[in-house]
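Visitor: This is the structure, below, for whatever I ask next.
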Amino acid sequence: MAVIIRTERLTKKFVDLVAVDALDLEVEEGEIFGLLGPNGAGKTTMLLMLTTLLRPSSGTARVNGFDIISQSHQVRKSIGIVFQTPSSDDTLTGYENLKLHGMLYGMPKALREERIKEVLKLVDLTERKDGLVKKYSGGMRRRLELARGLMHHPRVLFLDEPTLGLDPQSRETIWEYIEGLSKREKISIILTTHYMEEADKLCSRLAIMDRGKVVALDSPANLKKVIGGDVVLLKIGNPDLERVKQLEFVKKVQVKGSSVALTVTNANEHLFEILQTIGKVESVEVRVPTLNDVFLSYTGREIREDSPEGGWAERMMNYQSRS
Amino acid sequence: MNEITGILAIWYREFKVFLREKSRIVASIINPVLWLLVFGGGLGSSVRISGLNYQAFIFPGILAQVVLFSSIFFGVYIVWDRKIDFLKEVLVAPISRTSIFVGKVIGGTTDSLIQVLILLVMGWIFGTTGFIPGLHLTPFSFIAAFLILIVTTVSLVSIGLIVGSQMESPEGFQLITTFILFPIFFLSGSLFPINNLPRWLEPLTLADPLTYSVDALRQVILGTSRFSLLHDLSIMAMFMVLMIALGTYAFKKMKL
Ligand SMILES: Nc1ncnc2c1ncn2[C@@H]1O[C@H](COP(=O)(O)OP(=O)(O)OP(=O)(O)O)[C@@H](O)[C@H]1O
Ligand SMILES: [Mg+2]
C-alpha cells in the first residue's frame, strides 16, 4: 500500500516546551488513522504542521507526496481539515459559510451546490441553513464545521476531535459518513479523539500519543491484545492478594485502595476460581479490555473522555468570552 | 482560475459582512454629514478660504476622511479574523497569500466606495439645492473624484492590512486611531489649506499620503489646489504600488 503521509523527525518546540517530539510516522493511503492522547499530548500541533499552518521547528513531513515546507501549496490542494476550535464566520449563514468554502477550493458552481445539499442533509442542518451561525447552538456549529470539512472530498482529511460536543445520535451519523467516505472516495483520514469508542470503531490503526511522543502504534485489536487478557475489577474490603498472584492465568494485579484490577486470560472460565481464592468480595465486574486500559497501561494515566478543560462547546464559550 | 475564484470568495465574504453590519454603514454616512454640516457650517460662518465657502472647501477633505476611516479599519479588522479563527479556514485553503491580499483589498475598496458614492450624491444634492453654496459637482468632477478615491482606498486598505496582518491580538486596536487615523487625517489638509503652514508643520503634511488625494480632489471638484493634478496623481500612484507590494509581502510573512 502507498504511504500518504510520512513524517521525518517532525518536531515543534514552543519556547522550552516540546509539543511534538521528533515523530516518525507513516499513514497509509485509504486508512483511517487515529491519534489518541490526553490534553496537551501534541495532537493539534501535529495536525497544524501537517496542514502547513504551523512551521515545524525541525524535521519535516510529506503529505500526498509533497513536502509540507517547500511545497505547501500542493499540500493544501490535497487536504481538508476540521479544526478543533470553530473557524466559521458567525456573521454569515450556514449556507454562506459552505458556499465560501466551495469557492475557496475552486469548486464549480453545480458541484458546489450539489455537495452543499448533500452535507447539509448529512449533518441535519438543511432547515437552518439560512440562519446566522451566531444563532446556532454549539453542536449545530460543530456539525456545520464538519460538513464544511467534508464538502470538497480532499485526498487527505484531517479531523481534530470531529465529534466533540455532539450528542450520541449525531455522533453515530458522522461516524457512518466518515466510514462511507473513506470507502467510497478512497480518502485517507487522520483523526484525533478522546473518545475510545470512536477510535475503536473507526480507526484501522491508532497511535497513542503522550507528551509529544508516540508510545504505541497498532490496530485497536492488537493494542488491546497487548493487555494480555480480560480485565476483572473487584472491590474488596480487606485485600489479601498473595494467593491470587500465584494463579497462573492471572497476568497482572493492580491495587488502588479497595479496588483491584486483575488482568486475566479467559476471565469467564476462571472467574469462579478467582473468587474462591480471594474469598469475600463486595462487587465483581468482568470486561474485555478497552483502549482506555491500553492507554492506562502505556502512560500510567487515564484518558478522560470529558477533559478537564471541558467539552468542545464549553471551550468555545470560554473562547468567545475572552474577547 | 482557482486563484480568481479564491479572490471572489474573499470578496463575497467581505461584502456579505458589510451588508450585514447596517449600523456601521449608517454611522459611516452620518459622521461625515455631521462634519460637513455642523463643523463646516459652524466654522464656515466666520471663515472663507480662497474665496470659497468653507463647507465647499472641506467637502473633498470629508470624502477623503470617509475613505480613510473605512479603509484603515477594514484592513486592521483582519486581526478579528485571526481571533475568531476564521483566518485558519482561509490560510489552509489552496490559494496564494497574494490572492488573499487581493481579495481583501477588493473587499475593502468596495465597502469604501459604496460610502463614497452615497456622499458624492449627497454633495451633489447639497450643491444643486444651494444648501452648500459654491459646491458644483459636474458629471466630470463626480467621475474624476471617484477614480481618485479608488486609488486612495487601495493604498489605505493596504496600510490597514499591513498593520493588521502583523498584529497578534486586537489589544492594540485603539492605538490605531491615535497613531494612524488622526495624524493622517489632520495633516492631510482636509480641514485647512496647506499653502502657508508653520515651518514645522509643512514637512509632516507633505509626508502624509492623503495630502495628495485631498489636493487632487480639490482640483477636480473645486478647481483649486496646491500642486498640479499630475504631481498629485503620480505620487498617489507610486504610493499605491508601494503599499500593494508591502502588503503582499506582509501577507506572505503572516503567521497563523
Ligand atoms: N501557540 C502555542 N504557544 C505555546 N504553546 C503551545 C501553543 N500551542 C500549543 N502549545 C502547547 O503545546 C502542547 C501541545 O498542545 P496541543 O494543542 O497540540 O495538544 P492536544 O494534544 O491537541 O491537546 P487537546 O486534547 O487538549 O486538544 C500543549 O502543552 C500546549 O500548551
Ligand atoms: Mg487538540
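FYI, nothing fancy with the C-alpha cells labels: chains A, B, ... in order, residues from 1 per chain, ligands from 1 as they appear.
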Could you list the residues in chain A lying within 10 Å of chain B, using only C-alpha atoms, and format the result as a VMD selection string?
Guide: chain A and resid 48 51 to 55 72 to 83 85 to 93 96 to 97 99 to 108 149 319 to 320 322 to 323
Visitor: Quick one: residues within 8 Å of ligand 2, with only C-alpha atoms and all ligand atoms, as a list in words?
Guide: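 For ligand 2, the residues inside 8 Å are Asn39, Gly40, Ala41, Gly42, Lys43, Thr44, Thr45, Gln84, Asp160, Glu161 and Thr192 of chain A.
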Visitor: What does the file look like for those residues with all heavy atoms, as an mmCIF file, in the first residue's frame?
Guide:
```cif
data_model
loop_
_atom_site.group_PDB
_atom_site.id
_atom_site.type_symbol
_atom_site.label_atom_id
_atom_site.label_comp_id
_atom_site.auth_asym_id
_atom_site.auth_seq_id
_atom_site.Cartn_x
_atom_site.Cartn_y
_atom_site.Cartn_z
ATOM 1 N N ASN A 39 -5.024 15.686 26.978
ATOM 2 C CA ASN A 39 -4.835 17.103 26.681
ATOM 3 C C ASN A 39 -3.362 17.451 26.663
ATOM 4 O O ASN A 39 -2.614 17.023 27.532
ATOM 5 C CB ASN A 39 -5.515 17.983 27.740
ATOM 6 C CG ASN A 39 -7.027 17.867 27.701
ATOM 7 O OD1 ASN A 39 -7.663 17.735 28.717
ATOM 8 N ND2 ASN A 39 -7.585 17.896 26.520
ATOM 9 N N GLY A 40 -2.979 18.212 25.662
ATOM 10 C CA GLY A 40 -1.595 18.678 25.607
ATOM 11 C C GLY A 40 -0.610 17.655 25.066
ATOM 12 O O GLY A 40 0.597 17.872 25.087
ATOM 13 N N ALA A 41 -1.123 16.527 24.540
ATOM 14 C CA ALA A 41 -0.224 15.497 24.028
ATOM 15 C C ALA A 41 0.501 15.945 22.758
ATOM 16 O O ALA A 41 1.543 15.406 22.417
ATOM 17 C CB ALA A 41 -1.021 14.223 23.743
ATOM 18 N N GLY A 42 -0.071 16.935 22.071
ATOM 19 C CA GLY A 42 0.564 17.434 20.849
ATOM 20 C C GLY A 42 -0.186 17.064 19.580
ATOM 21 O O GLY A 42 0.334 17.226 18.480
ATOM 22 N N LYS A 43 -1.409 16.597 19.723
ATOM 23 C CA LYS A 43 -2.189 16.154 18.561
ATOM 24 C C LYS A 43 -2.512 17.313 17.624
ATOM 25 O O LYS A 43 -2.274 17.244 16.416
ATOM 26 C CB LYS A 43 -3.501 15.489 19.024
ATOM 27 C CG LYS A 43 -3.308 14.376 20.029
ATOM 28 C CD LYS A 43 -4.623 13.762 20.465
ATOM 29 C CE LYS A 43 -5.551 14.678 21.248
ATOM 30 N NZ LYS A 43 -5.135 15.037 22.594
ATOM 31 N N THR A 44 -3.051 18.373 18.189
ATOM 32 C CA THR A 44 -3.425 19.522 17.360
ATOM 33 C C THR A 44 -2.196 20.145 16.709
ATOM 34 O O THR A 44 -2.200 20.483 15.523
ATOM 35 C CB THR A 44 -4.178 20.566 18.211
ATOM 36 O OG1 THR A 44 -5.372 19.957 18.702
ATOM 37 C CG2 THR A 44 -4.525 21.792 17.405
ATOM 38 N N THR A 45 -1.143 20.274 17.489
ATOM 39 C CA THR A 45 0.098 20.841 16.964
ATOM 40 C C THR A 45 0.575 20.043 15.754
ATOM 41 O O THR A 45 0.983 20.595 14.729
ATOM 42 C CB THR A 45 1.184 20.827 18.056
ATOM 43 O OG1 THR A 45 0.661 21.487 19.207
ATOM 44 C CG2 THR A 45 2.440 21.517 17.589
ATOM 45 N N GLN A 84 -10.152 21.939 15.611
ATOM 46 C CA GLN A 84 -10.698 21.666 16.932
ATOM 47 C C GLN A 84 -11.570 22.826 17.420
ATOM 48 O O GLN A 84 -12.617 22.613 18.012
ATOM 49 C CB GLN A 84 -9.541 21.423 17.905
ATOM 50 C CG GLN A 84 -9.984 21.040 19.292
ATOM 51 C CD GLN A 84 -8.803 20.637 20.165
ATOM 52 O OE1 GLN A 84 -7.692 20.456 19.697
ATOM 53 N NE2 GLN A 84 -9.052 20.501 21.438
ATOM 54 N N ASP A 160 -9.837 17.114 13.656
ATOM 55 C CA ASP A 160 -9.351 17.319 15.016
ATOM 56 C C ASP A 160 -10.535 17.230 15.979
ATOM 57 O O ASP A 160 -11.294 18.183 16.117
ATOM 58 C CB ASP A 160 -8.644 18.683 15.124
ATOM 59 C CG ASP A 160 -7.672 18.722 16.300
ATOM 60 O OD1 ASP A 160 -7.696 17.772 17.108
ATOM 61 O OD2 ASP A 160 -6.903 19.687 16.392
ATOM 62 N N GLU A 161 -10.677 16.096 16.605
ATOM 63 C CA GLU A 161 -11.793 15.818 17.504
ATOM 64 C C GLU A 161 -13.128 16.109 16.826
ATOM 65 O O GLU A 161 -13.888 16.979 17.266
ATOM 66 C CB GLU A 161 -11.641 16.640 18.787
ATOM 67 C CG GLU A 161 -10.222 16.522 19.317
ATOM 68 C CD GLU A 161 -10.131 16.722 20.808
ATOM 69 O OE1 GLU A 161 -11.159 16.807 21.458
ATOM 70 O OE2 GLU A 161 -9.000 16.759 21.302
ATOM 71 N N THR A 192 -8.066 12.915 15.388
ATOM 72 C CA THR A 192 -7.661 12.881 16.787
ATOM 73 C C THR A 192 -8.934 12.720 17.597
ATOM 74 O O THR A 192 -9.990 13.137 17.155
ATOM 75 C CB THR A 192 -6.973 14.171 17.249
ATOM 76 O OG1 THR A 192 -7.980 15.161 17.453
ATOM 77 C CG2 THR A 192 -5.980 14.665 16.227
#
```
Visitor: Just asking: which residues within region 153-277 of chain A are strand (DSSP E) according to DSSP, as number ranges by chain?
Guide: A: 156-160, 188-193, 205-210, 213-218, 230-235, 250-256, 259-264
Visitor: Smallest atom-to-atom distance to ligand 1: which of B:Phe140, B:Glu168, B:Ser188, B:Pro193, using only C-alpha atoms and all ligand atoms?
Guide: B:Glu168
Visitor: Dump as CSV the rows for residues of chain A within 12 Å of ligand 1: closest atom pair and distance in Å with one decimal, only C-alpha atoms and all ligand atoms counted, ordered by chain and rising residue number.
Guide:
```
residue,atom,partner,partner_atom_place_in_ligand_line,distance
A:Thr11,CA,ligand 1,12 (O),11.3
A:Lys12,CA,ligand 1,12 (O),8.4
A:Lys13,CA,ligand 1,12 (O),7.9
A:Phe14,CA,ligand 1,4 (C),4.9
A:Val15,CA,ligand 1,4 (C),7.2
A:Asp16,CA,ligand 1,5 (N),9.1
A:Leu17,CA,ligand 1,12 (O),6.9
A:Val18,CA,ligand 1,12 (O),7.1
A:Ala19,CA,ligand 1,12 (O),4.3
A:Val20,CA,ligand 1,14 (C),7.2
A:Asp21,CA,ligand 1,14 (C),10.4
A:Leu35,CA,ligand 1,21 (O),8.7
A:Leu36,CA,ligand 1,21 (O),8.2
A:Gly37,CA,ligand 1,21 (O),6.2
A:Pro38,CA,ligand 1,25 (O),5.3
A:Asn39,CA,ligand 1,26 (O),3.4
A:Gly40,CA,ligand 1,19 (O),3.4
A:Ala41,CA,ligand 1,21 (O),3.7
A:Gly42,CA,ligand 1,18 (O),3.2
A:Lys43,CA,ligand 1,21 (O),3.7
A:Thr44,CA,ligand 1,22 (O),3.6
A:Thr45,CA,ligand 1,18 (O),3.7
A:Met46,CA,ligand 1,18 (O),6.3
A:Leu47,CA,ligand 1,18 (O),8.0
A:Leu48,CA,ligand 1,18 (O),8.4
A:Met49,CA,ligand 1,18 (O),9.9
A:Leu53,CA,ligand 1,1 (N),11.3
A:Leu54,CA,ligand 1,1 (N),9.1
A:Arg55,CA,ligand 1,1 (N),11.3
A:Phe83,CA,ligand 1,27 (O),10.1
A:Gln84,CA,ligand 1,27 (O),7.1
A:Thr85,CA,ligand 1,27 (O),9.2
A:Leu159,CA,ligand 1,22 (O),11.4
A:Asp160,CA,ligand 1,22 (O),7.9
A:Glu161,CA,ligand 1,27 (O),7.8
A:Pro162,CA,ligand 1,27 (O),11.4
A:Leu164,CA,ligand 1,27 (O),10.4
A:Leu191,CA,ligand 1,22 (O),11.1
A:Thr192,CA,ligand 1,22 (O),8.0
A:Thr193,CA,ligand 1,25 (O),7.5
A:His194,CA,ligand 1,25 (O),7.0
A:Tyr195,CA,ligand 1,25 (O),10.7
A:Ile208,CA,ligand 1,21 (O),10.6
A:Met209,CA,ligand 1,21 (O),7.9
A:Asp210,CA,ligand 1,21 (O),8.1
A:Arg211,CA,ligand 1,14 (C),7.6
A:Gly212,CA,ligand 1,14 (C),7.2
A:Lys213,CA,ligand 1,21 (O),10.6
A:Val214,CA,ligand 1,21 (O),11.5
A:Ile303,CA,ligand 1,25 (O),9.8
A:Arg304,CA,ligand 1,25 (O),9.9
A:Glu305,CA,ligand 1,25 (O),10.0
A:Asp306,CA,ligand 1,25 (O),10.3
A:Ser307,CA,ligand 1,26 (O),7.5
A:Pro308,CA,ligand 1,26 (O),8.9
A:Glu309,CA,ligand 1,26 (O),7.5
A:Gly310,CA,ligand 1,26 (O),9.5
A:Gly311,CA,ligand 1,26 (O),10.0
A:Trp312,CA,ligand 1,27 (O),9.6
A:Arg315,CA,ligand 1,26 (O),10.1
```
Visitor: Given only C-alpha atoms as the basis, pick out the residue of B:Leu181, B:Val26, B:Val102, B:Ile114 nearest to Phe73 (chain B).
Guide: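 With only C-alpha atoms as the atom set, the closest residue is B:Leu181.
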Visitor: Need to verify the contact set: Arg287 (chain A), 7 Å, only C-alpha atoms, exclusion of same-chain residues closer than 3 positions in sequence. Can you return it as a PyMOL selection string?
Guide: chain A and resi 230-232
Visitor: I need the residues from that last selection saved to file as an mmCIF file, in the first residue's frame (with N, CA, C and O atoms), if you can.
Guide:
```cif
data_model
loop_
_atom_site.group_PDB
_atom_site.id
_atom_site.type_symbol
_atom_site.label_atom_id
_atom_site.label_comp_id
_atom_site.auth_asym_id
_atom_site.auth_seq_id
_atom_site.Cartn_x
_atom_site.Cartn_y
_atom_site.Cartn_z
ATOM 1 N N ASP A 230 -8.455 -10.390 29.733
ATOM 2 C CA ASP A 230 -9.603 -9.582 30.119
ATOM 3 C C ASP A 230 -9.289 -8.877 31.428
ATOM 4 O O ASP A 230 -8.326 -9.205 32.115
ATOM 5 N N VAL A 231 -10.157 -7.928 31.731
ATOM 6 C CA VAL A 231 -9.951 -7.184 32.961
ATOM 7 C C VAL A 231 -11.015 -7.595 33.973
ATOM 8 O O VAL A 231 -12.200 -7.620 33.644
ATOM 9 N N VAL A 232 -10.586 -7.950 35.153
ATOM 10 C CA VAL A 232 -11.536 -8.272 36.220
ATOM 11 C C VAL A 232 -11.383 -7.211 37.309
ATOM 12 O O VAL A 232 -10.294 -7.014 37.853
#
```
